[in-house]
file target26.txt (compact mmCIF, C-alpha atoms)
# COMPACT_ATOMS: atom_id res chain seq x y z
CA MET T 34 -62.45 -53.41 -12.83
CA ASP T 35 -63.29 -56.72 -14.52
CA ILE T 36 -64.03 -59.43 -11.97
CA GLU T 37 -62.92 -62.09 -14.47
CA ALA T 38 -59.55 -60.38 -14.82
CA LEU T 39 -59.19 -60.45 -11.04
CA ARG T 40 -60.14 -64.14 -10.99
CA THR T 41 -57.56 -64.83 -13.71
CA PHE T 42 -54.87 -62.99 -11.75
CA ALA T 43 -55.59 -65.13 -8.69
CA ALA T 44 -55.45 -68.30 -10.80
CA VAL T 45 -52.04 -67.41 -12.30
CA ALA T 46 -50.75 -66.50 -8.83
CA GLU T 47 -51.94 -69.88 -7.54
CA THR T 48 -50.62 -72.04 -10.40
CA GLY T 49 -47.57 -70.00 -11.37
CA GLN T 50 -48.30 -70.71 -15.05
CA PHE T 51 -50.38 -68.82 -17.62
CA GLN T 52 -51.25 -72.09 -19.37
CA ALA T 53 -52.19 -73.83 -16.13
CA ALA T 54 -54.45 -70.91 -15.22
CA ALA T 55 -55.99 -71.04 -18.70
CA ASP T 56 -56.72 -74.75 -18.28
CA GLU T 57 -58.27 -74.18 -14.87
CA LEU T 58 -60.50 -71.37 -16.14
CA GLY T 59 -61.37 -73.06 -19.42
CA ILE T 60 -60.03 -70.26 -21.61
CA SER T 61 -57.05 -69.78 -23.92
CA GLN T 62 -53.60 -68.71 -22.78
CA GLN T 63 -53.99 -65.64 -24.99
CA ALA T 64 -57.16 -64.70 -23.11
CA VAL T 65 -55.27 -65.04 -19.82
CA SER T 66 -52.55 -62.72 -21.10
CA LYS T 67 -55.11 -60.14 -22.23
CA ARG T 68 -56.89 -60.16 -18.89
CA ILE T 69 -53.65 -59.74 -16.92
CA ALA T 70 -52.55 -56.92 -19.23
CA ALA T 71 -55.89 -55.16 -18.74
CA LEU T 72 -55.59 -55.50 -14.96
CA GLU T 73 -52.09 -54.10 -14.99
CA ARG T 74 -53.25 -51.14 -17.08
CA HIS T 75 -56.05 -50.55 -14.59
CA PHE T 76 -53.67 -50.44 -11.60
CA GLU T 77 -50.77 -48.96 -13.62
CA VAL T 78 -48.34 -51.46 -12.12
CA THR T 79 -46.73 -54.78 -13.05
CA LEU T 80 -48.44 -57.60 -11.19
CA LEU T 81 -46.73 -60.69 -12.63
CA VAL T 82 -43.13 -61.20 -13.71
CA ARG T 83 -42.53 -63.87 -16.35
CA THR T 84 -39.56 -66.20 -15.71
CA SER T 85 -38.11 -69.26 -17.44
CA ARG T 86 -40.10 -71.40 -15.00
CA GLY T 87 -43.39 -69.58 -15.40
CA SER T 88 -44.62 -66.46 -13.58
CA ARG T 89 -44.16 -65.02 -10.13
CA LEU T 90 -45.83 -62.18 -8.30
CA SER T 91 -44.20 -58.76 -8.31
CA LEU T 92 -44.17 -56.81 -5.08
CA ASP T 93 -47.35 -55.02 -6.19
CA GLY T 94 -48.86 -58.39 -7.12
CA GLN T 95 -48.08 -59.72 -3.65
CA VAL T 96 -49.86 -56.72 -2.11
CA LEU T 97 -52.89 -57.13 -4.38
CA LEU T 98 -53.38 -60.89 -4.01
CA PRO T 99 -54.98 -61.07 -0.51
CA HIS T 100 -57.33 -58.21 -1.43
CA ALA T 101 -58.22 -59.93 -4.71
CA LYS T 102 -59.10 -63.12 -2.83
CA LYS T 103 -61.40 -61.17 -0.48
CA VAL T 104 -63.13 -59.48 -3.42
CA LEU T 105 -63.61 -62.81 -5.20
CA ALA T 106 -64.97 -64.45 -2.05
CA ALA T 107 -67.41 -61.58 -1.52
CA PHE T 108 -68.50 -61.73 -5.16
CA GLU T 109 -69.10 -65.48 -4.97
CA GLN T 110 -71.10 -65.02 -1.78
CA ALA T 111 -73.21 -62.35 -3.49
CA GLU T 112 -73.81 -64.67 -6.44
CA ARG T 113 -75.00 -67.43 -4.14
CA ALA T 114 -77.29 -65.02 -2.30
CA VAL T 115 -79.21 -63.99 -5.40
CA ARG T 116 -79.10 -67.25 -7.34
CA PRO T 117 -82.67 -68.57 -7.86
CA GLY T 118 -83.66 -70.74 -4.94
CA SER T 119 -80.82 -69.64 -2.69
CA ARG T 120 -82.92 -67.08 -0.80
CA PRO T 121 -86.52 -67.14 0.44
CA LEU T 122 -89.28 -66.25 -2.00
CA ARG T 123 -90.87 -62.95 -0.91
CA VAL T 124 -94.63 -62.95 -1.55
CA ASP T 125 -96.95 -60.03 -0.86
CA VAL T 126 -100.27 -61.41 0.45
CA LEU T 127 -101.76 -57.95 1.18
CA ASN T 128 -103.38 -59.01 4.47
CA ARG T 129 -102.58 -62.03 6.61
CA ARG T 130 -106.25 -62.89 7.22
CA ILE T 131 -107.44 -63.07 3.63
CA ALA T 132 -107.45 -65.87 1.07
CA PRO T 133 -104.01 -65.32 -0.53
CA ALA T 134 -102.26 -65.52 2.84
CA GLN T 135 -104.19 -68.67 3.70
CA ALA T 136 -103.36 -70.23 0.31
CA VAL T 137 -99.65 -69.46 0.71
CA TYR T 138 -99.77 -70.86 4.24
CA ARG T 139 -101.33 -74.11 2.99
CA PHE T 140 -98.65 -74.30 0.31
CA TYR T 141 -95.93 -73.91 2.95
CA ARG T 142 -97.57 -76.53 5.18
CA SER T 143 -97.44 -79.02 2.30
CA HIS T 144 -93.90 -77.97 1.26
CA PRO T 145 -92.08 -77.16 4.54
CA GLU T 146 -88.70 -77.65 2.88
CA MET T 147 -89.28 -74.59 0.69
CA SER T 148 -88.17 -71.20 1.99
CA LEU T 149 -90.48 -68.22 1.65
CA ASP T 150 -91.41 -64.95 3.37
CA ALA T 151 -95.00 -63.71 3.43
CA VAL T 152 -95.11 -59.91 3.54
CA THR T 153 -98.01 -57.43 3.49
CA LEU T 154 -97.79 -54.36 1.29
CA SER T 155 -101.09 -53.23 2.77
CA ASN T 156 -100.49 -49.53 2.09
CA GLU T 157 -99.83 -50.04 -1.64
CA ASN T 158 -102.49 -50.31 -4.32
CA ALA T 159 -102.27 -52.80 -7.20
CA ALA T 160 -100.20 -50.54 -9.44
CA GLN T 161 -97.72 -49.84 -6.64
CA ALA T 162 -97.50 -53.54 -5.78
CA ALA T 163 -96.79 -54.36 -9.44
CA GLN T 164 -94.01 -51.77 -9.40
CA ALA T 165 -92.59 -53.36 -6.25
CA VAL T 166 -92.48 -56.68 -8.13
CA LEU T 167 -90.72 -55.04 -11.09
CA GLU T 168 -88.15 -53.42 -8.79
CA GLY T 169 -87.52 -56.67 -6.92
CA THR T 170 -88.80 -55.48 -3.54
CA VAL T 171 -90.96 -58.61 -3.61
CA ASP T 172 -90.94 -61.58 -5.96
CA ALA T 173 -94.70 -61.87 -6.30
CA SER T 174 -97.92 -60.22 -5.22
CA PHE T 175 -101.59 -61.19 -5.13
CA ARG T 176 -103.68 -58.35 -6.55
CA ALA T 177 -106.85 -57.61 -8.48
CA LEU T 178 -105.34 -55.76 -11.41
CA PRO T 179 -107.18 -54.94 -14.67
CA VAL T 180 -105.67 -56.68 -17.67
CA ASP T 181 -104.97 -53.38 -19.44
CA ARG T 182 -102.98 -52.09 -16.45
CA ILE T 183 -100.48 -54.92 -16.20
CA PRO T 184 -97.02 -53.35 -16.69
CA ALA T 185 -94.55 -54.60 -19.29
CA GLY T 186 -92.28 -57.25 -17.81
CA ILE T 187 -94.96 -58.57 -15.44
CA SER T 188 -96.58 -61.98 -15.68
CA ALA T 189 -100.15 -62.00 -14.36
CA GLU T 190 -102.13 -65.19 -13.80
CA ARG T 191 -105.58 -65.35 -12.24
CA LEU T 192 -105.07 -68.19 -9.77
CA LEU T 193 -107.36 -67.50 -6.84
CA ASP T 194 -111.03 -66.66 -7.37
CA GLU T 195 -112.54 -65.97 -3.97
CA PRO T 196 -116.36 -66.13 -3.59
CA LEU T 197 -117.77 -63.55 -1.20
CA GLU T 198 -119.94 -64.31 1.82
CA LEU T 199 -122.14 -62.12 3.98
CA LEU T 200 -121.09 -61.86 7.64
CA VAL T 201 -123.77 -60.74 10.11
CA GLY T 202 -124.68 -60.94 13.77
CA PRO T 203 -127.48 -63.16 15.15
CA GLY T 204 -129.97 -60.29 15.21
CA HIS T 205 -129.66 -59.37 11.55
CA PRO T 206 -132.77 -59.99 9.39
CA LEU T 207 -130.76 -62.31 7.09
CA ALA T 208 -129.02 -64.20 9.89
CA LYS T 209 -131.04 -67.40 9.39
CA ALA T 210 -130.91 -67.47 5.60
CA PRO T 211 -129.05 -70.49 4.13
CA TRP T 212 -127.87 -68.24 1.29
CA VAL T 213 -128.81 -64.89 -0.21
CA ARG T 214 -128.69 -63.18 -3.58
CA PRO T 215 -126.64 -59.98 -3.92
CA ALA T 216 -129.86 -58.19 -4.89
CA ASP T 217 -131.33 -59.21 -1.50
CA LEU T 218 -128.75 -56.97 0.16
CA ALA T 219 -130.23 -53.79 -1.30
CA GLY T 220 -131.41 -51.59 1.56
CA HIS T 221 -129.03 -53.19 4.08
CA ARG T 222 -125.96 -51.31 5.22
CA ILE T 223 -122.72 -53.15 4.38
CA TRP T 224 -119.80 -51.78 6.32
CA ILE T 225 -116.27 -52.59 5.16
CA PRO T 226 -113.83 -50.45 7.14
CA GLY T 227 -110.46 -50.07 5.51
CA ILE T 228 -111.62 -49.33 1.97
CA ARG T 229 -109.26 -46.65 0.64
CA PRO T 230 -109.85 -44.58 -2.50
CA GLY T 231 -107.52 -45.55 -5.35
CA THR T 232 -107.15 -49.19 -4.29
CA GLU T 233 -108.27 -52.18 -6.30
CA TRP T 234 -110.61 -53.31 -3.53
CA ALA T 235 -112.29 -49.88 -3.58
CA ALA T 236 -112.83 -50.30 -7.34
CA PHE T 237 -114.20 -53.82 -6.79
CA TYR T 238 -116.74 -52.78 -4.16
CA GLN T 239 -117.76 -49.75 -6.19
CA ALA T 240 -118.50 -52.01 -9.17
CA LEU T 241 -120.38 -54.43 -6.92
CA SER T 242 -122.48 -51.61 -5.46
CA GLU T 243 -123.39 -50.28 -8.89
CA ALA T 244 -124.21 -53.72 -10.30
CA PHE T 245 -126.68 -54.67 -7.55
CA GLY T 246 -127.76 -51.35 -6.04
CA LEU T 247 -125.96 -51.94 -2.75
CA SER T 248 -124.95 -49.56 0.00
CA ILE T 249 -121.30 -50.32 0.84
CA ASP T 250 -119.32 -47.84 2.92
CA ALA T 251 -116.22 -47.50 5.05
CA LEU T 252 -117.51 -44.65 7.22
CA GLY T 253 -115.94 -44.08 10.61
CA PRO T 254 -112.57 -45.05 12.06
CA ASN T 255 -111.11 -48.48 11.42
CA PHE T 256 -110.23 -50.05 14.78
CA GLY T 257 -109.37 -53.43 13.26
CA ASP T 258 -111.04 -56.75 12.66
CA GLU T 259 -111.83 -57.46 16.31
CA ALA T 260 -113.78 -54.20 16.61
CA LEU T 261 -115.64 -55.04 13.41
CA MET T 262 -116.65 -58.43 14.84
CA ASP T 263 -117.85 -56.72 18.03
CA ALA T 264 -119.95 -54.24 16.04
CA LEU T 265 -121.57 -56.98 13.95
CA ALA T 266 -122.45 -59.01 17.05
CA GLU T 267 -124.13 -56.02 18.70
CA SER T 268 -126.04 -54.79 15.64
CA ALA T 269 -129.33 -55.94 14.13
CA SER T 270 -128.71 -54.04 10.88
CA LEU T 271 -124.98 -54.04 10.17
CA ALA T 272 -123.34 -56.49 7.76
CA THR T 273 -119.98 -56.93 6.05
CA LEU T 274 -118.53 -59.01 3.22
CA VAL T 275 -115.69 -61.50 3.57
CA GLY T 276 -114.02 -63.99 1.29
CA ARG T 277 -114.93 -67.65 1.68
CA GLY T 278 -111.29 -68.47 2.40
CA ASP T 279 -110.64 -65.49 4.68
CA ARG T 280 -109.82 -66.39 8.26
CA TYR T 281 -111.61 -64.37 10.91
CA LEU T 282 -112.02 -65.41 14.54
CA TRP T 283 -114.50 -64.12 17.10
CA PRO T 284 -115.74 -65.12 20.57
CA GLN T 285 -118.29 -67.92 20.54
CA THR T 286 -120.78 -65.64 22.28
CA HIS T 287 -120.80 -63.34 19.22
CA ASP T 288 -122.63 -66.06 17.25
CA LEU T 289 -121.77 -64.47 13.91
CA ARG T 290 -123.11 -66.07 10.72
CA ARG T 291 -121.28 -66.54 7.39
CA ILE T 292 -123.88 -66.70 4.64
CA PRO T 293 -123.00 -67.68 1.04
CA LEU T 294 -123.98 -65.34 -1.81
CA ARG T 295 -125.49 -66.92 -4.92
CA GLU T 296 -127.33 -66.12 -8.15
CA PRO T 297 -124.85 -64.73 -8.95
CA THR T 298 -121.85 -65.34 -6.70
CA PRO T 299 -119.63 -62.23 -6.44
CA VAL T 300 -116.02 -63.33 -6.86
CA TYR T 301 -112.92 -61.36 -5.95
CA THR T 302 -110.20 -62.23 -8.47
CA HIS T 303 -106.72 -62.51 -6.97
CA VAL T 304 -104.08 -62.37 -9.72
CA LEU T 305 -100.53 -63.55 -9.01
CA LEU T 306 -98.05 -60.97 -10.30
CA SER T 307 -94.40 -61.86 -10.88
CA ARG T 308 -91.54 -60.82 -13.15
CA ILE T 309 -91.67 -62.62 -16.48
CA GLU T 310 -88.04 -63.73 -16.25
CA ASP T 311 -88.23 -64.84 -12.59
CA GLN T 312 -87.12 -68.50 -12.36
CA HIS T 313 -87.25 -68.86 -8.57
CA PRO T 314 -88.08 -72.55 -7.99
CA VAL T 315 -90.39 -71.79 -5.04
CA LEU T 316 -92.40 -69.41 -7.23
CA THR T 317 -92.75 -72.16 -9.83
CA ALA T 318 -93.87 -74.60 -7.14
CA LEU T 319 -96.34 -72.10 -5.64
CA ARG T 320 -97.85 -71.40 -9.04
CA GLY T 321 -98.26 -75.12 -9.70
CA HIS T 322 -99.81 -75.65 -6.27
CA LEU T 323 -102.39 -72.93 -6.83
CA ARG T 324 -103.28 -74.23 -10.27
CA ALA T 325 -103.90 -77.68 -8.83
CA SER T 326 -105.60 -76.80 -5.55
CA GLY T 327 -107.21 -73.39 -6.04
CA PRO T 328 -110.96 -73.11 -5.46
CA ARG T 329 -113.18 -73.76 -8.46
CA THR T 330 -114.80 -70.63 -9.87
CA PRO T 331 -118.58 -70.88 -9.36
CA ASP T 332 -120.65 -71.34 -12.50
CA ASP T 333 -122.70 -68.24 -11.61
CA ALA T 334 -119.66 -66.07 -10.78
CA TRP T 335 -119.92 -62.31 -11.06
CA VAL T 336 -116.75 -60.25 -11.48
CA PRO T 337 -116.29 -56.62 -12.55
CA ASP T 338 -115.90 -56.06 -16.27
CA TRP T 339 -112.32 -54.85 -15.74
CA ALA T 340 -111.30 -58.09 -14.03
CA GLY T 341 -111.58 -60.16 -17.21
CA ARG T 342 -113.34 -63.50 -17.59

call {"tool": "encode", "arguments": {"input": "target26.txt", "output": "structure tokens"}}
result
Amino acid sequence: MDIEALRTFAAVAETGQFQAAADELGISQQAVSKRIAALERHFEVTLLVRTSRGSRLSLDGQVLLPHAKKVLAAFEQAERAVRPGSRPLRVDVLNRRIAPAQAVYRFYRSHPEMSLDAVTLSNENAAQAAQAVLEGTVDASFRALPVDRIPAGISAERLLDEPLELLVGPGHPLAKAPWVRPADLAGHRIWIPGIRPGTEWAAFYQALSEAFGLSIDALGPNFGDEALMDALAESASLATLVGRGDRYLWPQTHDLRRIPLREPTPVYTHVLLSRIEDQHPVLTALRGHLRASGPRTPDDAWVPDWAGR
């Protein structure tokens, strides 16, 4: 059933005139007649009876009218619900502690009038997150996705380059260093629980390990960030890697140290994925905010070959 035909029927019923309904809808009287005829063929009944004074509802038309008004009201409500800007922007930030979540939070703090939802598709890899964007499960996602794996219909913009830092306890041999080179980490165990095969972060750390001869593993159960902080504080040999903008908290007594990496600076490239045709105003504002306020990529940045330059 054509929703425009139903809207035309309601307009004729309200005005009592085909021409008046045509004027209200901004179409010709002939178009009104065609729509009513099509609706009557659909229901196989006469809905409007023409008279010398205009048109009146038949008995079947009188039965249909209240239902038609409910359908039109529901359709208009549905239109409002999906119209760009009428619902919150859904953004996948992967993990609420890492840089994308913090960047989206800062955006919201500076634009509290804008409506958005931050979600975490933490069990999906980059390809699955991109598919979720295509299907409309989310409007946008921050991922490290190789250029040659960006699906058709997806816009991908590298907007958040996150330098890595070493995180160690006070007893670690590098704990007092003002900064270290990635090559200096050779021979030290770097533990990053939560790395899963097939994810983009697994590919990133694999490339980092191969480039600088590092030992990075995710051995053992992952009991969460708090347990990781406890393990670092108690160990004189264990280290992990975190993003400069990642937000991790630990008891003051842990005395953990965040140490910058330089010469070169490993950078995790967060790419903002969205549908090419998506015109959501909050997405446009978020993209502009990140372009203006995102961290500057270090001059000595290292990224995997697949991440692009």

call {"tool": "atom_distance", "arguments": {"input": "target26.txt", "atom1": "atom CA of T:Ser270", "atom2": "atom CA of T:Arg290"}}
result
13.3 Å

call {"tool": "residues_around", "arguments": {"input": "target26.txt", "residues": "T:Trp224", "least_positions_apart": "4", "cutoff": "12 Å", "atoms": "only C-alpha atoms", "output": "ChimeraX atom specification"}}
result
/T:199-201,228,238,247-255,258,261-262,264-265,268,270-275

call {"tool": "residues_near_point", "arguments": {"input": "target26.txt", "point": "(-52.4, -66.3, -20.8)", "cutoff": "9 Å", "atoms": "all atoms listed in the file", "output": "number ranges by chain"}}
result
T: 41, 45, 50-55, 60-69

call {"tool": "write_last_selection", "arguments": {"input": "target26.txt", "atoms": "C-alpha atoms", "output": "short mmCIF file (atom, residue, chain, number, x, y, z; two decimals), in the frame of the given file"}}
result
data_model
loop_
_atom_site.label_atom_id
_atom_site.label_comp_id
_atom_site.auth_asym_id
_atom_site.auth_seq_id
_atom_site.Cartn_x
_atom_site.Cartn_y
_atom_site.Cartn_z
CA THR T 41 -57.56 -64.83 -13.71
CA VAL T 45 -52.04 -67.41 -12.30
CA GLN T 50 -48.30 -70.71 -15.05
CA PHE T 51 -50.38 -68.82 -17.62
CA GLN T 52 -51.25 -72.09 -19.37
CA ALA T 53 -52.19 -73.83 -16.13
CA ALA T 54 -54.45 -70.91 -15.22
CA ALA T 55 -55.99 -71.04 -18.70
CA ILE T 60 -60.03 -70.26 -21.61
CA SER T 61 -57.05 -69.78 -23.92
CA GLN T 62 -53.60 -68.71 -22.78
CA GLN T 63 -53.99 -65.64 -24.99
CA ALA T 64 -57.16 -64.70 -23.11
CA VAL T 65 -55.27 -65.04 -19.82
CA SER T 66 -52.55 -62.72 -21.10
CA LYS T 67 -55.11 -60.14 -22.23
CA ARG T 68 -56.89 -60.16 -18.89
CA ILE T 69 -53.65 -59.74 -16.92
#

call {"tool": "residues_around", "arguments": {"input": "target26.txt", "residues": "T:Pro328", "least_positions_apart": "6", "cutoff": "8 Å", "atoms": "all atoms listed in the file", "output": "list in words"}}
result
Leu193, Asp194 and Glu195 of chain T

call {"tool": "closest_residue", "arguments": {"input": "target26.txt", "among": "T:Pro121, T:Gly87, T:Pro331, T:Gly276", "to": "T:Asp172", "atoms": "all atoms listed in the file"}}
result
T:Pro121

call {"tool": "build_atoms", "arguments": {"input": "target26.txt", "residues": "stretch 220-240 of chain T", "atoms": "N, CA and C atoms", "output": "PDB file, in the frame of the given file"}}
result
ATOM      1  N   GLY T 220    -130.726 -52.135   0.391  1.00  0.00           N
ATOM      2  CA  GLY T 220    -131.410 -51.590   1.560  1.00  0.00           C
ATOM      3  C   GLY T 220    -130.744 -51.926   2.873  1.00  0.00           C
ATOM      4  N   HIS T 221    -129.802 -52.862   2.872  1.00  0.00           N
ATOM      5  CA  HIS T 221    -129.030 -53.190   4.080  1.00  0.00           C
ATOM      6  C   HIS T 221    -127.689 -52.471   4.041  1.00  0.00           C
ATOM      7  N   ARG T 222    -127.263 -51.976   5.181  1.00  0.00           N
ATOM      8  CA  ARG T 222    -125.960 -51.310   5.220  1.00  0.00           C
ATOM      9  C   ARG T 222    -124.847 -52.358   5.305  1.00  0.00           C
ATOM     10  N   ILE T 223    -123.891 -52.261   4.380  1.00  0.00           N
ATOM     11  CA  ILE T 223    -122.720 -53.150   4.380  1.00  0.00           C
ATOM     12  C   ILE T 223    -121.506 -52.294   4.709  1.00  0.00           C
ATOM     13  N   TRP T 224    -120.921 -52.591   5.838  1.00  0.00           N
ATOM     14  CA  TRP T 224    -119.800 -51.780   6.320  1.00  0.00           C
ATOM     15  C   TRP T 224    -118.498 -52.553   6.136  1.00  0.00           C
ATOM     16  N   ILE T 225    -117.572 -51.963   5.386  1.00  0.00           N
ATOM     17  CA  ILE T 225    -116.270 -52.590   5.160  1.00  0.00           C
ATOM     18  C   ILE T 225    -115.187 -51.561   5.500  1.00  0.00           C
ATOM     19  N   PRO T 226    -114.860 -51.429   6.774  1.00  0.00           N
ATOM     20  CA  PRO T 226    -113.830 -50.450   7.140  1.00  0.00           C
ATOM     21  C   PRO T 226    -112.492 -50.821   6.516  1.00  0.00           C
ATOM     22  N   GLY T 227    -111.759 -49.812   6.124  1.00  0.00           N
ATOM     23  CA  GLY T 227    -110.460 -50.070   5.510  1.00  0.00           C
ATOM     24  C   GLY T 227    -110.444 -49.864   4.017  1.00  0.00           C
ATOM     25  N   ILE T 228    -111.609 -49.636   3.399  1.00  0.00           N
ATOM     26  CA  ILE T 228    -111.620 -49.330   1.970  1.00  0.00           C
ATOM     27  C   ILE T 228    -110.957 -47.962   1.777  1.00  0.00           C
ATOM     28  N   ARG T 229    -109.958 -47.910   0.914  1.00  0.00           N
ATOM     29  CA  ARG T 229    -109.260 -46.650   0.640  1.00  0.00           C
ATOM     30  C   ARG T 229    -109.413 -46.280  -0.823  1.00  0.00           C
ATOM     31  N   PRO T 230    -109.733 -45.013  -1.111  1.00  0.00           N
ATOM     32  CA  PRO T 230    -109.850 -44.580  -2.500  1.00  0.00           C
ATOM     33  C   PRO T 230    -108.548 -44.863  -3.268  1.00  0.00           C
ATOM     34  N   GLY T 231    -108.696 -45.291  -4.513  1.00  0.00           N
ATOM     35  CA  GLY T 231    -107.520 -45.550  -5.350  1.00  0.00           C
ATOM     36  C   GLY T 231    -107.003 -46.964  -5.266  1.00  0.00           C
ATOM     37  N   THR T 232    -107.596 -47.802  -4.402  1.00  0.00           N
ATOM     38  CA  THR T 232    -107.150 -49.190  -4.290  1.00  0.00           C
ATOM     39  C   THR T 232    -108.025 -50.083  -5.167  1.00  0.00           C
ATOM     40  N   GLU T 233    -107.508 -51.260  -5.467  1.00  0.00           N
ATOM     41  CA  GLU T 233    -108.270 -52.180  -6.300  1.00  0.00           C
ATOM     42  C   GLU T 233    -109.503 -52.705  -5.575  1.00  0.00           C
ATOM     43  N   TRP T 234    -109.437 -52.828  -4.246  1.00  0.00           N
ATOM     44  CA  TRP T 234    -110.610 -53.310  -3.530  1.00  0.00           C
ATOM     45  C   TRP T 234    -111.697 -52.234  -3.476  1.00  0.00           C
ATOM     46  N   ALA T 235    -111.299 -50.948  -3.479  1.00  0.00           N
ATOM     47  CA  ALA T 235    -112.290 -49.880  -3.580  1.00  0.00           C
ATOM     48  C   ALA T 235    -112.999 -49.947  -4.931  1.00  0.00           C
ATOM     49  N   ALA T 236    -112.240 -50.184  -5.998  1.00  0.00           N
ATOM     50  CA  ALA T 236    -112.830 -50.300  -7.340  1.00  0.00           C
ATOM     51  C   ALA T 236    -113.763 -51.511  -7.412  1.00  0.00           C
ATOM     52  N   PHE T 237    -113.367 -52.613  -6.770  1.00  0.00           N
ATOM     53  CA  PHE T 237    -114.200 -53.820  -6.790  1.00  0.00           C
ATOM     54  C   PHE T 237    -115.537 -53.557  -6.102  1.00  0.00           C
ATOM     55  N   TYR T 238    -115.498 -52.990  -4.895  1.00  0.00           N
ATOM     56  CA  TYR T 238    -116.740 -52.780  -4.160  1.00  0.00           C
ATOM     57  C   TYR T 238    -117.607 -51.707  -4.792  1.00  0.00           C
ATOM     58  N   GLN T 239    -116.994 -50.743  -5.460  1.00  0.00           N
ATOM     59  CA  GLN T 239    -117.760 -49.750  -6.190  1.00  0.00           C
ATOM     60  C   GLN T 239    -118.523 -50.410  -7.339  1.00  0.00           C
ATOM     61  N   ALA T 240    -117.841 -51.294  -8.080  1.00  0.00           N
ATOM     62  CA  ALA T 240    -118.500 -52.010  -9.170  1.00  0.00           C
ATOM     63  C   ALA T 240    -119.612 -52.913  -8.653  1.00  0.00           C
TER      64      ALA T 240
END
